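**Q** My structure is in my_file_23.cif, and what it holds is mmCIF, C-alpha atoms:
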```cif
data_final
#
loop_
_atom_site.group_PDB
_atom_site.id
_atom_site.type_symbol
_atom_site.label_atom_id
_atom_site.label_comp_id
_atom_site.auth_asym_id
_atom_site.auth_seq_id
_atom_site.Cartn_x
_atom_site.Cartn_y
_atom_site.Cartn_z
ATOM 1 C CA MET A 1 125.546 75.194 38.806
ATOM 2 C CA THR A 2 127.841 76.201 41.636
ATOM 3 C CA THR A 3 126.821 78.690 44.266
ATOM 4 C CA THR A 4 129.216 81.125 45.788
ATOM 5 C CA PRO A 5 129.814 81.193 49.518
ATOM 6 C CA GLU A 6 128.211 84.640 49.592
ATOM 7 C CA ALA A 7 125.035 83.342 47.938
ATOM 8 C CA THR A 8 124.901 80.369 50.316
ATOM 9 C CA ILE A 9 125.265 82.689 53.306
ATOM 10 C CA ALA A 10 122.638 85.117 51.968
ATOM 11 C CA ASP A 11 120.175 82.252 51.417
ATOM 12 C CA ALA A 12 120.842 80.836 54.869
ATOM 13 C CA ARG A 13 120.356 84.249 56.465
ATOM 14 C CA GLU A 14 117.032 84.653 54.679
ATOM 15 C CA ARG A 15 115.940 81.305 56.050
ATOM 16 C CA ILE A 16 117.110 82.267 59.555
ATOM 17 C CA ASP A 17 115.128 85.518 59.328
ATOM 18 C CA ALA A 18 112.020 83.591 58.270
ATOM 19 C CA LEU A 19 112.509 81.118 61.127
ATOM 20 C CA ASP A 20 112.968 83.988 63.590
ATOM 21 C CA ASP A 21 109.699 85.533 62.388
ATOM 22 C CA ARG A 22 107.919 82.220 62.980
ATOM 23 C CA ILE A 23 109.535 81.792 66.404
ATOM 24 C CA ILE A 24 108.510 85.316 67.448
ATOM 25 C CA GLY A 25 104.950 84.630 66.296
ATOM 26 C CA LEU A 26 104.850 81.389 68.269
ATOM 27 C CA ILE A 27 106.179 83.120 71.382
ATOM 28 C CA GLN A 28 103.501 85.799 71.065
ATOM 29 C CA GLU A 29 100.875 83.073 70.706
ATOM 30 C CA ARG A 30 102.289 81.297 73.773
ATOM 31 C CA MET A 31 102.098 84.545 75.740
ATOM 32 C CA ALA A 32 98.416 84.959 74.828
ATOM 33 C CA VAL A 33 97.563 81.367 75.799
ATOM 34 C CA SER A 34 99.503 81.704 79.040
ATOM 35 C CA SER A 35 97.531 84.845 79.870
ATOM 36 C CA VAL A 36 94.273 82.891 79.505
ATOM 37 C CA VAL A 37 95.591 80.196 81.843
ATOM 38 C CA GLN A 38 96.701 82.774 84.443
ATOM 39 C CA GLN A 39 93.460 84.740 84.310
ATOM 40 C CA THR A 40 91.391 81.571 84.615
ATOM 41 C CA ARG A 41 93.497 80.269 87.486
ATOM 42 C CA ILE A 42 93.240 83.588 89.382
ATOM 43 C CA ALA A 43 89.490 83.895 88.714
ATOM 44 C CA SER A 44 88.967 80.439 90.210
ATOM 45 C CA GLY A 45 90.899 81.356 93.364
ATOM 46 C CA GLY A 46 94.240 79.877 92.374
ATOM 47 C CA ARG A 47 97.680 81.378 92.188
ATOM 48 C CA ARG A 48 99.035 83.148 89.128
ATOM 49 C CA VAL A 49 102.048 80.823 88.917
ATOM 50 C CA HIS A 50 102.023 77.026 89.141
ATOM 51 C CA LEU A 51 105.583 76.100 90.111
ATOM 52 C CA ALA A 52 105.240 72.348 89.489
ATOM 53 C CA ARG A 53 104.137 73.092 85.923
ATOM 54 C CA GLU A 54 107.060 75.472 85.441
ATOM 55 C CA MET A 55 109.463 72.753 86.597
ATOM 56 C CA GLU A 56 107.972 70.419 83.953
ATOM 57 C CA ILE A 57 108.576 73.050 81.288
ATOM 58 C CA LEU A 58 112.152 73.667 82.460
ATOM 59 C CA GLY A 59 112.823 69.931 82.371
ATOM 60 C CA ARG A 60 111.397 69.561 78.868
ATOM 61 C CA TYR A 61 113.591 72.337 77.491
ATOM 62 C CA ARG A 62 116.678 71.070 79.343
ATOM 63 C CA GLU A 63 116.162 67.541 77.982
ATOM 64 C CA ALA A 64 115.677 68.784 74.422
ATOM 65 C CA LEU A 65 118.353 71.499 74.314
ATOM 66 C CA GLY A 66 120.743 70.818 77.156
ATOM 67 C CA ARG A 67 121.696 73.354 79.776
ATOM 68 C CA PRO A 68 121.043 76.407 77.571
ATOM 69 C CA GLY A 69 117.491 75.090 77.186
ATOM 70 C CA THR A 70 116.905 75.889 80.844
ATOM 71 C CA SER A 71 117.853 79.519 80.264
ATOM 72 C CA LEU A 72 115.637 79.689 77.206
ATOM 73 C CA ALA A 73 112.720 78.207 79.146
ATOM 74 C CA MET A 74 113.255 80.689 81.987
ATOM 75 C CA THR A 75 113.133 83.539 79.495
ATOM 76 C CA LEU A 76 109.944 82.183 77.924
ATOM 77 C CA LEU A 77 108.344 81.753 81.336
ATOM 78 C CA GLU A 78 109.242 85.300 82.289
ATOM 79 C CA LEU A 79 107.818 86.625 79.024
ATOM 80 C CA CYS A 80 104.611 84.667 79.525
ATOM 81 C CA ARG A 81 103.951 85.179 83.228
ATOM 82 C CA GLY A 82 106.155 88.107 84.212
ATOM 83 C CA ARG A 83 108.727 88.144 86.960
ATOM 84 C CA ILE A 84 107.961 86.309 90.178
#
```
Mind turning the file's structure into structure tokens?

**A**
Amino acid sequence: MTTTPEATIADARERIDALDDRIIGLIQERMAVSSVVQQTRIASGGRRVHLAREMEILGRYREALGRPGTSLAMTLLELCRGRI
């Protein structure tokens, strides 16, 4: 059975939509976990943002995804901790 290009594209788009839904859910989960970390850090007299940790995260994303990974990590950090 041969599939048409249109069917292949439609199937791929469905998969992309499902992946996007999972990614959004994971980002929302990350935001909630990050909030716990921030609240705990502040309650114990620390700062809201831990810059050394953020640099680790930026490095991990850059290594895995190249230069655009840094931008993605910055966006995730901003979503999770707000603007600094």

**Q** Considering all atoms listed in the file, state which residue in the set A:Ala10, A:Tyr61, A:Gln38, A:Asp20 is at the smallest distance from A:Thr75.

**A**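 For A:Thr75, the nearest of the candidates is A:Tyr61.
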
**Q** Find the spatial neighbours of stretch 49-60 of chain A, counting all atoms listed in the file, within a cut-off of 12 Å - ignore same-chain residues fewer than 5 positions away - and output them as a ChimeraX atom specification.

**A** /A:34-35,37-42,65-78,80-84

**Q** Could you please determine the separation between atom CA of A:Arg13 and atom CA of A:Gln28 in Å, to one decimal place?

**A**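 According to the coordinates, atom CA of A:Arg13 and atom CA of A:Gln28 are separated by 22.4 Å.
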
**Q** Can you sort out the box for stretch 65-76 of chain A, edges along x, y and z, all listed atoms in, 4 Å on every side, with centre and edge lengths in Å to one decimal, as AutoDock Vina command-line options?

**A**
```
--center_x 115.8 --center_y 77.2 --center_z 78.2 --size_x 19.8 --size_y 20.7 --size_z 15.7
```

**Q** Rounded to one decimal in Å, what is the spacing between atom CA of A:Ala7 and atom CA of A:Ile24?

**A** 25.6 Å
